[in-house]
file work.txt (compact mmCIF, C-alpha atoms)
# COMPACT_ATOMS: atom_id res chain seq x y z
CA MET A 629 86.81 39.31 146.10
CA ASN A 630 87.06 41.03 142.74
CA ASN A 631 84.61 38.65 141.18
CA LEU A 632 82.24 39.03 144.08
CA SER A 633 81.81 42.76 143.49
CA LEU A 634 81.30 42.04 139.81
CA TYR A 635 78.26 39.89 140.60
CA ILE A 636 76.62 42.07 143.27
CA LEU A 637 74.99 44.45 140.80
CA PRO A 638 73.43 41.87 138.43
CA ALA A 639 72.36 39.77 141.43
CA MET A 640 70.61 42.72 143.00
CA ILE A 641 68.73 43.66 139.82
CA LEU A 642 67.76 40.04 139.19
CA TYR A 643 66.55 39.69 142.77
CA ILE A 644 64.39 42.83 142.65
CA LEU A 645 62.83 41.90 139.29
CA THR A 646 62.16 38.31 140.37
CA ILE A 647 60.50 39.34 143.63
CA GLY A 648 58.50 41.94 141.67
CA ILE A 649 57.19 39.41 139.14
CA PHE A 650 56.55 36.89 141.89
CA LYS A 651 54.45 39.43 143.80
CA LYS A 652 52.54 40.31 140.62
CA VAL A 653 53.92 43.85 140.40
CA PRO A 654 53.46 45.29 136.88
CA ILE A 655 57.24 45.71 136.70
CA TYR A 656 57.40 47.31 133.25
CA GLU A 657 54.85 50.01 134.07
CA GLU A 658 56.36 50.68 137.49
CA PHE A 659 59.87 50.83 136.05
CA THR A 660 58.93 53.45 133.48
CA GLU A 661 56.86 55.35 136.06
CA GLY A 662 59.87 55.57 138.38
CA ALA A 663 62.27 56.33 135.53
CA LYS A 664 60.26 59.41 134.53
CA ASP A 665 61.83 61.37 137.37
CA GLY A 666 65.35 60.69 136.11
CA PHE A 667 65.27 63.51 133.59
CA LYS A 668 63.85 66.10 135.98
CA VAL A 669 66.30 65.28 138.77
CA ALA A 670 69.35 65.21 136.50
CA ILE A 671 68.47 68.56 134.92
CA SER A 672 67.63 70.19 138.23
CA ILE A 673 71.11 69.52 139.65
CA ILE A 674 72.97 71.14 136.72
CA PRO A 675 73.42 74.56 138.44
CA TYR A 676 74.96 72.90 141.50
CA LEU A 677 77.12 70.62 139.37
CA VAL A 678 78.44 73.60 137.39
CA ALA A 679 79.23 75.55 140.57
CA ILE A 680 81.12 72.76 142.32
CA ILE A 681 82.86 71.24 139.29
CA VAL A 682 84.04 74.67 138.05
CA GLY A 683 85.33 75.59 141.52
CA ILE A 684 87.19 72.32 141.96
CA SER A 685 88.72 72.32 138.46
CA MET A 686 89.99 75.86 138.98
CA LEU A 687 91.53 74.90 142.31
CA ARG A 688 93.31 71.97 140.68
CA ALA A 689 94.49 74.02 137.72
CA CYS A 690 95.85 77.02 139.66
CA GLY A 691 98.65 75.11 141.36
CA ALA A 692 97.39 75.52 144.93
CA ILE A 693 97.83 71.81 145.63
CA GLU A 694 101.51 71.95 144.60
CA ILE A 695 102.05 75.00 146.81
CA LEU A 696 100.45 73.23 149.75
CA THR A 697 102.56 70.13 149.07
CA ASN A 698 105.73 72.26 149.25
CA ILE A 699 104.64 74.01 152.43
CA CYS A 700 103.67 70.80 154.24
CA GLY A 701 106.57 68.74 152.89
CA ASP A 702 108.83 69.12 155.94
CA PHE A 703 106.09 68.21 158.36
CA PHE A 704 105.24 65.08 156.38
CA ASN A 705 108.89 64.06 156.23
CA LYS A 706 109.04 64.40 159.99
CA VAL A 707 106.03 62.15 160.61
CA GLN A 708 107.31 59.75 157.91
CA VAL A 709 104.41 60.07 155.54
CA PRO A 710 105.38 60.19 151.84
CA VAL A 711 105.05 63.74 150.52
CA ASP A 712 103.45 62.51 147.30
CA ILE A 713 100.39 61.49 149.31
CA ILE A 714 99.41 65.14 149.91
CA PRO A 715 97.66 65.68 146.54
CA ILE A 716 95.64 62.51 147.18
CA MET A 717 94.70 63.68 150.66
CA ILE A 718 93.30 66.91 149.26
CA THR A 719 91.75 65.56 146.07
CA ARG A 720 89.95 62.59 147.67
CA SER A 721 87.25 64.90 149.06
CA LEU A 722 86.92 66.84 145.80
CA SER A 723 86.94 64.67 142.71
CA GLY A 724 86.54 60.92 142.25
CA SER A 725 87.97 60.70 138.75
CA ALA A 726 90.94 62.97 139.55
CA VAL A 727 91.91 60.97 142.64
CA LEU A 728 91.87 57.71 140.65
CA GLY A 729 94.24 59.37 138.17
CA LEU A 730 96.58 60.36 141.00
CA LEU A 731 96.46 56.81 142.40
CA SER A 732 97.39 55.34 139.01
CA ASP A 733 100.33 57.76 138.78
CA ILE A 734 101.62 56.79 142.22
CA VAL A 735 101.21 53.06 141.61
CA SER A 736 103.11 53.22 138.31
CA GLN A 737 105.79 55.52 139.75
CA TYR A 738 106.53 53.62 142.98
CA GLY A 739 105.28 50.14 142.09
CA PRO A 740 102.22 48.43 143.59
CA GLU A 741 104.18 46.88 146.49
CA SER A 742 105.58 50.18 147.81
CA PHE A 743 104.35 51.75 151.02
CA THR A 744 103.36 54.90 149.13
CA ALA A 745 101.14 52.89 146.76
CA LYS A 746 99.53 50.89 149.59
CA LEU A 747 98.83 54.03 151.59
CA ALA A 748 97.46 55.81 148.51
CA ALA A 749 95.22 52.84 147.70
CA ILE A 750 93.76 52.71 151.22
CA MET A 751 93.23 56.46 151.18
CA VAL A 752 91.46 56.40 147.84
CA GLY A 753 89.44 53.27 148.69
CA SER A 754 88.07 54.94 151.79
CA SER A 755 87.31 58.28 150.14
CA GLU A 756 84.12 60.02 149.16
CA THR A 757 83.75 63.26 147.23
CA THR A 758 82.37 65.21 150.17
CA PHE A 759 81.84 68.58 148.50
CA TYR A 760 80.24 67.09 145.41
CA VAL A 761 77.82 65.05 147.53
CA LEU A 762 76.93 68.06 149.69
CA SER A 763 76.33 70.48 146.83
CA VAL A 764 74.39 68.05 144.63
CA TYR A 765 72.26 66.50 147.37
CA PHE A 766 71.37 69.79 149.03
CA GLY A 767 71.01 71.48 145.64
CA SER A 768 68.52 68.89 144.43
CA VAL A 769 66.03 69.96 147.10
CA GLY A 770 66.90 73.66 147.26
CA ILE A 771 68.55 73.70 150.70
CA LYS A 772 70.69 76.83 151.12
CA LYS A 773 71.68 76.62 154.79
CA PHE A 774 73.78 73.49 155.28
CA ARG A 775 74.15 73.96 159.08
CA TYR A 776 76.66 71.43 160.44
CA ALA A 777 76.69 69.09 157.42
CA ILE A 778 79.95 70.51 156.01
CA LEU A 779 81.71 70.27 159.36
CA THR A 780 80.53 66.66 159.81
CA GLY A 781 81.86 65.79 156.35
CA ILE A 782 85.23 67.43 157.02
CA ILE A 783 85.58 65.64 160.37
CA ALA A 784 84.85 62.30 158.65
CA ASP A 785 87.40 63.12 155.93
CA ILE A 786 90.18 64.06 158.34
CA THR A 787 89.48 60.95 160.42
CA GLY A 788 89.69 58.88 157.25
CA ILE A 789 93.07 60.39 156.31
CA VAL A 790 94.61 59.84 159.75
CA LEU A 791 93.21 56.30 160.02
CA ALA A 792 94.43 55.43 156.52
CA ILE A 793 97.99 56.38 157.54
CA LEU A 794 97.73 54.33 160.74
CA ALA A 795 96.18 51.35 158.94
CA ALA A 796 98.84 51.37 156.21
CA ARG A 797 101.59 51.33 158.87
CA LEU A 798 99.89 48.57 160.81
CA PHE A 799 99.20 46.30 157.82
CA PHE A 800 102.26 46.99 155.68
CA PRO A 801 105.10 47.71 158.14
CA ALA A 802 107.65 45.90 155.96
CA SER A 803 107.18 48.26 153.06
CA ILE A 804 107.90 51.49 155.01
CA LEU A 805 111.25 52.92 153.92
CA MET B 197 78.81 77.25 151.06
CA ASN B 198 79.11 80.92 150.01
CA TYR B 199 82.55 81.09 151.60
CA ILE B 200 83.66 77.77 150.11
CA PHE B 201 82.57 78.93 146.67
CA PHE B 202 84.40 82.23 147.14
CA ILE B 203 87.59 80.53 148.31
CA LEU B 204 87.52 78.01 145.44
CA ILE B 205 86.99 80.57 142.67
CA ALA B 206 88.61 83.77 143.99
CA GLY B 207 91.45 81.88 145.69
CA SER B 208 92.24 79.94 142.51
CA LEU B 209 92.25 83.12 140.42
CA ILE B 210 94.58 84.95 142.83
CA ILE B 211 96.98 81.99 143.14
CA ALA B 212 96.93 81.62 139.36
CA VAL B 213 97.99 85.25 138.89
CA PHE B 214 100.96 84.72 141.22
CA ASN B 215 101.81 81.39 139.59
CA GLY B 216 101.57 82.92 136.13
CA ASN B 217 99.18 80.22 134.89
CA ILE B 218 96.00 82.25 134.65
CA GLU B 219 95.41 80.90 131.16
CA ASN B 220 95.26 77.31 132.45
CA VAL B 221 92.77 78.29 135.13
CA THR B 222 90.51 80.16 132.73
CA ASN B 223 90.58 77.20 130.37
CA ALA B 224 89.84 74.81 133.24
CA MET B 225 86.92 77.03 134.20
CA PHE B 226 85.21 76.81 130.82
CA GLU B 227 86.10 73.17 130.32
CA ALA B 228 84.52 72.37 133.68
CA CYS B 229 81.29 74.08 132.62
CA SER B 230 80.78 71.69 129.74
CA THR B 231 82.02 68.76 131.87
CA SER B 232 79.28 69.42 134.41
CA VAL B 233 76.58 69.36 131.75
CA LYS B 234 78.06 66.14 130.36
CA VAL B 235 77.96 64.66 133.86
CA ALA B 236 74.33 65.71 134.26
CA PHE B 237 73.37 64.28 130.87
CA SER B 238 75.05 60.96 131.55
CA LEU B 239 73.20 60.95 134.88
CA ILE B 240 69.81 61.21 133.13
CA GLY B 241 69.90 57.62 131.90
CA ILE B 242 71.50 56.21 135.04
CA MET B 243 69.05 58.06 137.28
CA ALA B 244 66.08 56.95 135.20
CA PHE B 245 67.26 53.34 135.36
CA TRP B 246 67.85 53.25 139.11
CA LEU B 247 64.73 55.19 140.00
CA GLY B 248 62.83 52.63 137.89
CA ILE B 249 64.44 49.69 139.66
CA VAL B 250 63.87 51.25 143.08
CA ARG B 251 60.23 51.83 142.21
CA ILE B 252 59.85 48.09 141.48
CA ALA B 253 61.58 47.30 144.79
CA GLU B 254 59.15 49.64 146.52
CA LYS B 255 56.06 48.09 144.93
CA ALA B 256 57.31 44.59 145.70
CA GLY B 257 57.54 45.55 149.38
CA LEU B 258 61.34 45.16 149.50
CA VAL B 259 61.98 48.73 150.61
CA LYS B 260 59.51 48.35 153.49
CA LEU B 261 61.23 45.12 154.50
CA ILE B 262 64.66 46.76 154.67
CA ALA B 263 63.10 49.72 156.45
CA LYS B 264 61.75 47.40 159.13
CA LEU B 265 65.15 45.76 159.56
CA ILE B 266 67.06 48.98 160.15
CA LYS B 267 64.29 50.80 162.03
CA PRO B 268 65.87 50.29 165.47
CA ILE B 269 69.00 52.12 164.27
CA THR B 270 67.37 54.83 162.17
CA SER B 271 64.79 55.75 164.80
CA VAL B 272 67.70 56.76 167.05
CA LEU B 273 69.80 58.51 164.40
CA PHE B 274 67.01 60.12 162.39
CA LYS B 275 64.68 61.39 165.07
CA ASP B 276 62.75 63.84 162.88
CA ILE B 277 61.65 61.30 160.26
CA LYS B 278 57.91 60.67 160.39
CA LYS B 279 56.80 57.10 161.02
CA ASP B 280 55.07 56.55 157.68
CA SER B 281 57.81 58.22 155.65
CA GLN B 282 59.34 56.39 152.69
CA ALA B 283 62.67 57.82 153.75
CA THR B 284 63.71 55.07 156.19
CA GLY B 285 63.76 52.35 153.55
CA ASP B 286 65.43 54.58 151.00
CA ILE B 287 68.14 55.59 153.48
CA ALA B 288 68.91 51.90 153.92
CA LEU B 289 68.95 51.38 150.15
CA SER B 290 71.20 54.37 149.57
CA LEU B 291 73.69 53.35 152.25
CA SER B 292 73.73 49.76 150.93
CA ALA B 293 74.36 51.03 147.39
CA ASN B 294 77.29 53.02 148.75
CA ALA B 295 78.57 50.09 150.81
CA LEU B 296 78.45 47.80 147.77
CA GLY B 297 80.31 50.34 145.67
CA LEU B 298 77.36 50.96 143.31
CA SER B 299 78.10 54.65 143.16
CA ASN B 300 75.88 55.30 140.14
CA ALA B 301 72.92 53.85 142.05
CA ALA B 302 73.79 55.73 145.23
CA THR B 303 73.33 59.23 143.77
CA PRO B 304 69.75 58.81 142.43
CA ILE B 305 68.61 57.00 145.57
CA GLY B 306 70.38 59.56 147.78
CA ILE B 307 68.60 62.42 146.01
CA LYS B 308 65.31 60.56 146.45
CA VAL B 309 66.00 60.37 150.19
CA MET B 310 66.69 64.12 150.27
CA LYS B 311 63.35 64.81 148.55
CA GLU B 312 61.52 62.67 151.09
CA LEU B 313 63.27 64.36 154.00
CA GLN B 314 62.48 67.75 152.46
CA GLU B 315 58.73 66.95 152.51
CA ASP B 316 58.72 66.95 156.31
CA ASN B 317 61.02 69.96 156.57
CA PRO B 318 59.34 73.06 158.02
CA ASN B 319 62.08 75.44 156.79
CA LYS B 320 62.56 74.60 153.12
CA ASP B 321 65.89 76.41 152.75
CA THR B 322 67.52 75.00 155.90
CA ALA B 323 68.94 71.51 156.39
CA THR B 324 67.25 69.28 158.99
CA ASP B 325 69.15 67.17 161.51
CA SER B 326 68.25 64.05 159.52
CA MET B 327 69.69 65.57 156.35
CA CYS B 328 72.95 66.43 158.10
CA MET B 329 73.13 62.92 159.55
CA PHE B 330 72.39 61.30 156.19
CA LEU B 331 74.97 63.38 154.35
CA GLY B 332 77.51 62.83 157.12
CA MET B 333 77.10 59.08 156.66
CA ASN B 334 77.39 59.53 152.90
CA THR B 335 80.55 61.61 153.00
CA ALA B 336 82.31 59.05 155.20
CA GLY B 337 82.54 56.84 152.11
CA PHE B 338 81.71 53.52 153.73
CA GLN B 339 82.47 50.81 151.20
CA ILE B 340 82.92 47.06 151.65
CA ILE B 341 84.97 46.35 148.53
CA PRO B 342 86.86 49.22 146.84
CA ALA B 343 86.62 47.54 143.43
CA THR B 344 88.10 50.37 141.33
CA VAL B 345 91.17 50.65 143.55
CA ILE B 346 91.70 46.89 143.45
CA GLY B 347 91.39 47.13 139.68
CA ILE B 348 94.17 49.74 139.46
CA LEU B 349 96.47 47.69 141.70
CA ALA B 350 95.74 44.50 139.76
CA ALA B 351 96.37 46.21 136.41
CA SER B 352 99.82 47.30 137.58
CA GLY B 353 100.77 43.74 138.49
CA ALA B 354 100.36 43.80 142.27
CA ALA B 355 101.13 40.40 143.83
CA ASN B 356 98.02 40.51 145.96
CA PRO B 357 95.80 43.47 145.00
CA THR B 358 93.13 42.56 147.54
CA ASP B 359 95.46 42.93 150.55
CA ILE B 360 94.24 46.53 150.95
CA VAL B 361 90.61 45.42 151.40
CA LEU B 362 90.77 44.76 155.15
CA PRO B 363 92.65 47.94 156.14
CA THR B 364 90.37 50.00 153.88
CA LEU B 365 87.29 48.42 155.42
CA ILE B 366 88.55 49.21 158.92
CA VAL B 367 89.24 52.83 157.91
CA THR B 368 85.84 53.39 156.30
CA THR B 369 83.97 51.69 159.14
CA LEU B 370 85.68 53.88 161.73
CA SER B 371 85.20 57.08 159.74
CA PHE B 372 81.56 56.14 159.21
CA ILE B 373 81.11 55.77 162.98
CA THR B 374 83.02 59.03 163.51
CA ALA B 375 80.66 60.84 161.12
CA ILE B 376 77.63 59.56 163.04
CA ILE B 377 79.07 60.60 166.41
CA ALA B 378 80.16 63.97 165.00
CA ALA B 379 76.67 64.62 163.61
CA LEU B 380 75.07 63.71 166.97
CA ILE B 381 77.41 66.01 168.91
CA LEU B 382 77.23 68.89 166.41
CA LYS B 383 73.43 68.68 166.49
CA LYS B 384 73.49 69.55 170.20
CA ILE B 385 76.10 72.31 169.77
CA TRP B 386 74.22 73.89 166.84
CA ARG B 387 70.95 73.89 168.77
CA LYS B 388 72.56 76.00 171.48
CA TYR B 389 73.69 78.73 169.12
CA GLU B 390 70.78 78.86 166.71
call {"tool": "encode", "arguments": {"input": "work.txt", "output": "structure tokens"}}
result
Amino acid sequence: MNNLSLYILPAMILYILTIGIFKKVPIYEEFTEGAKDGFKVAISIIPYLVAIIVGISMLRACGAIEILTNICGDFFNKVQVPVDIIPIMITRSLSGSAVLGLLSDIVSQYGPESFTAKLAAIMVGSSETTFYVLSVYFGSVGIKKFRYAILTGIIADITGIVLAILAARLFFPASIL
Amino acid sequence: MNYIFFILIAGSLIIAVFNGNIENVTNAMFEACSTSVKVAFSLIGIMAFWLGIVRIAEKAGLVKLIAKLIKPITSVLFKDIKKDSQATGDIALSLSANALGLSNAATPIGIKVMKELQEDNPNKDTATDSMCMFLGMNTAGFQIIPATVIGILAASGAANPTDIVLPTLIVTTLSFITAIIAALILKKIWRKYE
């Protein structure tokens, strides 16, 4: 499985280039023509990147996640979900690199065979940085009114969290303490 | 988004004052500014590369081919896309890049989709139904193989690091479907109140 994902990318690029050559597409010219937009697009999203990355870093630095973890702790104990999962639940929609850091911490703290680690892995594996995607994608085309896009993203995120807990229980019942 | 931005920044500052770690938050604020520019700069090369590759795929007719394959689905979910729009094929490409875990390809192609959808948008500052649907699908995080997560588990000596693949796939598939249904329902609700 691991190896498979390693080969998908090169296989895809090879496939596209081969078909291109085969169909007599001037692949070098077309590549550089397409690549020209890279600079413009990357620069045009800087304002939106700054806004969302600054906001999220401040949220993580101010200790709000720890406060929330303390407040929700009792509830999570009651429904038998490890309390240490809460930071992952919140961060998975905010920052991809931060959530991978949290996952590494949990795996090294509890061991890869623990229920906490399995649940964390499923939760991270099924995550997407919702707010980053929304601000960058909408920002790149100058959309200011997001309408129901944020709500749709939040619904998908909450569904993902609940399903991850259910799936972890279903697949790894032996590791629940 | 105005409220989210306010809550993120103002909320963090207020909590930081109560927590007594205002210095950390101010530092994080300025650090994040340069991080975002670094992210954008590293995106320049990646974006250029993928936009180049996608352009070859377009010229070779591959994008049209994929577009044709997924047309029956997209014509239902993306009703306001014009028939001759490039967007259909690029939506398929973007979702496949996500599904395959090629996240650095997904962003440039996703932005390309947004630009194509924006061309047919009568109100340039307001999201269309297709945009909301596309972003809903994107934020559900559908992924076939969570390679990075498997990597972390494997590095820590897990007996069978791939045993999370199936449950993860089930979770992402169901949240992907949920996002689609949510977008379809919210579209109707929003219409009523707009």
call {"tool": "residues_around", "arguments": {"input": "work.txt", "residues": "Ile240 in chain B", "least_positions_apart": "4", "cutoff": "7 Å", "atoms": "only C-alpha atoms", "output": "list in words"}}
result
Gly666, Phe667 and Ala670 of chain A; Ala236 and Ala244 of chain B
call {"tool": "write_last_selection", "arguments": {"input": "work.txt", "atoms": "C-alpha atoms", "output": "PDB file, keeping the file's coordinate frame"}}
result
ATOM      1  CA  GLY A 666      65.350  60.690 136.110  1.00  0.00           C
ATOM      2  CA  PHE A 667      65.270  63.510 133.590  1.00  0.00           C
ATOM      3  CA  ALA A 670      69.350  65.210 136.500  1.00  0.00           C
TER       4      ALA A 670
ATOM      5  CA  ALA B 236      74.330  65.710 134.260  1.00  0.00           C
ATOM      6  CA  ALA B 244      66.080  56.950 135.200  1.00  0.00           C
TER       7      ALA B 244
END
call {"tool": "closest_residue", "arguments": {"input": "work.txt", "among": "B:Val272, B:Ala263, B:Leu247, B:Leu380", "to": "chain A", "atoms": "all atoms listed in the file"}}
result
B:Leu247
call {"tool": "closest_residue", "arguments": {"input": "work.txt", "among": "A:Met640, A:Val761, A:Val653, A:Ile695", "to": "Met310 in chain B", "atoms": "all atoms listed in the file"}}
result
A:Val761
call {"tool": "closest_residue", "arguments": {"input": "work.txt", "among": "A:Thr697, A:Thr719, A:Ser685, A:Ser742", "to": "chain B", "atoms": "all atoms listed in the file"}}
result
A:Ser685
call {"tool": "closest_residue", "arguments": {"input": "work.txt", "among": "B:Leu365, B:Ala212, B:Ala355, B:Ala283", "to": "Ile750 in chain A", "atoms": "all atoms listed in the file"}}
result
B:Leu365
call {"tool": "residues_around", "arguments": {"input": "work.txt", "residues": "Gly297 in chain B", "least_positions_apart": "6", "cutoff": "9 Å", "atoms": "all atoms listed in the file", "output": "JSON, numbers by chain"}}
result
{"A": [633], "B": [338, 339, 340, 341, 342, 343, 344]}
call {"tool": "closest_residue", "arguments": {"input": "work.txt", "among": "B:Gly248, B:Ile242, B:Ile287, B:Lys279", "to": "Ile655 in chain A", "atoms": "all atoms listed in the file"}}
result
B:Gly248
call {"tool": "closest_residue", "arguments": {"input": "work.txt", "among": "B:Ser230, B:Ser208, B:Asn223, B:Thr284", "to": "chain A", "atoms": "only C-alpha atoms"}}
result
B:Ser208
call {"tool": "residues_around", "arguments": {"input": "work.txt", "residues": "Trp246 in chain B", "least_positions_apart": "6", "cutoff": "8 Å", "atoms": "only C-alpha atoms", "output": "MDAnalysis selection string"}}
result
(chainID A and resid 663) or (chainID B and resid 301 304:305)
call {"tool": "atom_distance", "arguments": {"input": "work.txt", "atom1": "CA of Ile200 in chain B", "atom2": "CA of Val213 in chain B"}}
result
19.7 Å
call {"tool": "residues_near_point", "arguments": {"input": "work.txt", "point": "(94.0, 56.9, 162.6)", "cutoff": "12 Å", "atoms": "all atoms listed in the file", "output": "PDB file with C-alpha atoms, keeping the file's coordinate frame"}}
result
ATOM      1  CA  MET A 751      93.230  56.460 151.180  1.00  0.00           C
ATOM      2  CA  ALA A 784      84.850  62.300 158.650  1.00  0.00           C
ATOM      3  CA  ASP A 785      87.400  63.120 155.930  1.00  0.00           C
ATOM      4  CA  ILE A 786      90.180  64.060 158.340  1.00  0.00           C
ATOM      5  CA  THR A 787      89.480  60.950 160.420  1.00  0.00           C
ATOM      6  CA  GLY A 788      89.690  58.880 157.250  1.00  0.00           C
ATOM      7  CA  ILE A 789      93.070  60.390 156.310  1.00  0.00           C
ATOM      8  CA  VAL A 790      94.610  59.840 159.750  1.00  0.00           C
ATOM      9  CA  LEU A 791      93.210  56.300 160.020  1.00  0.00           C
ATOM     10  CA  ALA A 792      94.430  55.430 156.520  1.00  0.00           C
ATOM     11  CA  ILE A 793      97.990  56.380 157.540  1.00  0.00           C
ATOM     12  CA  LEU A 794      97.730  54.330 160.740  1.00  0.00           C
ATOM     13  CA  ALA A 795      96.180  51.350 158.940  1.00  0.00           C
ATOM     14  CA  ALA A 796      98.840  51.370 156.210  1.00  0.00           C
ATOM     15  CA  ARG A 797     101.590  51.330 158.870  1.00  0.00           C
ATOM     16  CA  LEU A 798      99.890  48.570 160.810  1.00  0.00           C
TER      17      LEU A 798
ATOM     18  CA  PRO B 363      92.650  47.940 156.140  1.00  0.00           C
ATOM     19  CA  THR B 364      90.370  50.000 153.880  1.00  0.00           C
ATOM     20  CA  ILE B 366      88.550  49.210 158.920  1.00  0.00           C
ATOM     21  CA  VAL B 367      89.240  52.830 157.910  1.00  0.00           C
ATOM     22  CA  THR B 368      85.840  53.390 156.300  1.00  0.00           C
ATOM     23  CA  THR B 369      83.970  51.690 159.140  1.00  0.00           C
ATOM     24  CA  LEU B 370      85.680  53.880 161.730  1.00  0.00           C
ATOM     25  CA  SER B 371      85.200  57.080 159.740  1.00  0.00           C
ATOM     26  CA  THR B 374      83.020  59.030 163.510  1.00  0.00           C
TER      27      THR B 374
END
call {"tool": "residues_around", "arguments": {"input": "work.txt", "residues": "Gly257 in chain B", "least_positions_apart": "5", "cutoff": "9 Å", "atoms": "all atoms listed in the file", "output": "list in words"}}
result
Ile647, Gly648 and Lys651 of chain A; Ile252 and Ile262 of chain B
call {"tool": "write_last_selection", "arguments": {"input": "work.txt", "atoms": "C-alpha atoms", "output": "PDB file, keeping the file's coordinate frame"}}
result
ATOM      1  CA  ILE A 647      60.500  39.340 143.630  1.00  0.00           C
ATOM      2  CA  GLY A 648      58.500  41.940 141.670  1.00  0.00           C
ATOM      3  CA  LYS A 651      54.450  39.430 143.800  1.00  0.00           C
TER       4      LYS A 651
ATOM      5  CA  ILE B 252      59.850  48.090 141.480  1.00  0.00           C
ATOM      6  CA  ILE B 262      64.660  46.760 154.670  1.00  0.00           C
TER       7      ILE B 262
END
call {"tool": "atom_distance", "arguments": {"input": "work.txt", "atom1": "CA of Ser736 in chain A", "atom2": "CA of Cys700 in chain A"}}
result
23.7 Å
call {"tool": "atom_distance", "arguments": {"input": "work.txt", "atom1": "CA of Phe202 in chain B", "atom2": "CA of Ala777 in chain A"}}
result
18.4 Å
call {"tool": "residues_around", "arguments": {"input": "work.txt", "residues": "Thr270 in chain B", "least_positions_apart": "4", "cutoff": "10 Å", "atoms": "only C-alpha atoms", "output": "ChimeraX atom specification"}}
result
/B:263-266,274-275,277,284-285,287-288,326
call {"tool": "axis_aligned_box", "arguments": {"input": "work.txt", "around": "range 778-796 of chain A", "padding_each_side": "6 Å", "output": "lines of an AutoDock Vina configuration file"}}
result
center_x = 89.4
center_y = 60.9
center_z = 158.3
size_x = 30.9
size_y = 31.2
size_z = 16.8
call {"tool": "build_atoms", "arguments": {"input": "work.txt", "residues": "range 772-776 of chain A", "atoms": "all heavy atoms", "output": "short mmCIF file (atom, residue, chain, number, x, y, z; two decimals), in the frame of the given file"}}
result
data_model
loop_
_atom_site.label_atom_id
_atom_site.label_comp_id
_atom_site.auth_asym_id
_atom_site.auth_seq_id
_atom_site.Cartn_x
_atom_site.Cartn_y
_atom_site.Cartn_z
N LYS A 772 69.61 75.83 151.23
CA LYS A 772 70.69 76.83 151.12
C LYS A 772 71.53 76.88 152.38
O LYS A 772 72.71 77.18 152.34
CB LYS A 772 70.10 78.20 150.82
CG LYS A 772 69.45 78.22 149.45
CD LYS A 772 69.07 79.60 148.99
CE LYS A 772 68.38 79.54 147.64
NZ LYS A 772 67.03 78.92 147.71
N LYS A 773 70.91 76.61 153.54
CA LYS A 773 71.68 76.62 154.79
C LYS A 773 72.03 75.18 155.16
O LYS A 773 71.16 74.40 155.52
CB LYS A 773 70.86 77.28 155.89
CG LYS A 773 70.67 78.77 155.61
CD LYS A 773 69.81 79.44 156.65
CE LYS A 773 69.54 80.87 156.24
NZ LYS A 773 68.13 81.25 156.45
N PHE A 774 73.33 74.87 155.07
CA PHE A 774 73.78 73.49 155.28
C PHE A 774 73.97 73.13 156.75
O PHE A 774 74.23 72.01 157.08
CB PHE A 774 75.10 73.24 154.54
CG PHE A 774 75.00 73.27 153.05
CD1 PHE A 774 73.83 73.68 152.41
CD2 PHE A 774 76.08 72.88 152.27
CE1 PHE A 774 73.74 73.71 151.02
CE2 PHE A 774 76.00 72.89 150.88
CZ PHE A 774 74.83 73.32 150.27
N ARG A 775 73.91 74.14 157.63
CA ARG A 775 74.15 73.96 159.08
C ARG A 775 75.45 73.16 159.30
O ARG A 775 76.48 73.53 158.75
CB ARG A 775 72.95 73.31 159.72
CG ARG A 775 71.75 74.27 159.70
CD ARG A 775 70.50 73.64 160.20
NE ARG A 775 70.49 73.44 161.64
CZ ARG A 775 70.01 72.34 162.21
NH1 ARG A 775 69.55 71.36 161.47
NH2 ARG A 775 69.99 72.23 163.51
N TYR A 776 75.39 72.08 160.08
CA TYR A 776 76.66 71.43 160.44
C TYR A 776 77.06 70.29 159.49
O TYR A 776 77.97 69.52 159.80
CB TYR A 776 76.60 70.93 161.89
CG TYR A 776 75.42 70.03 162.21
CD1 TYR A 776 75.50 68.65 162.06
CD2 TYR A 776 74.22 70.57 162.67
CE1 TYR A 776 74.43 67.83 162.37
CE2 TYR A 776 73.14 69.76 162.98
CZ TYR A 776 73.26 68.40 162.82
OH TYR A 776 72.19 67.59 163.12
#
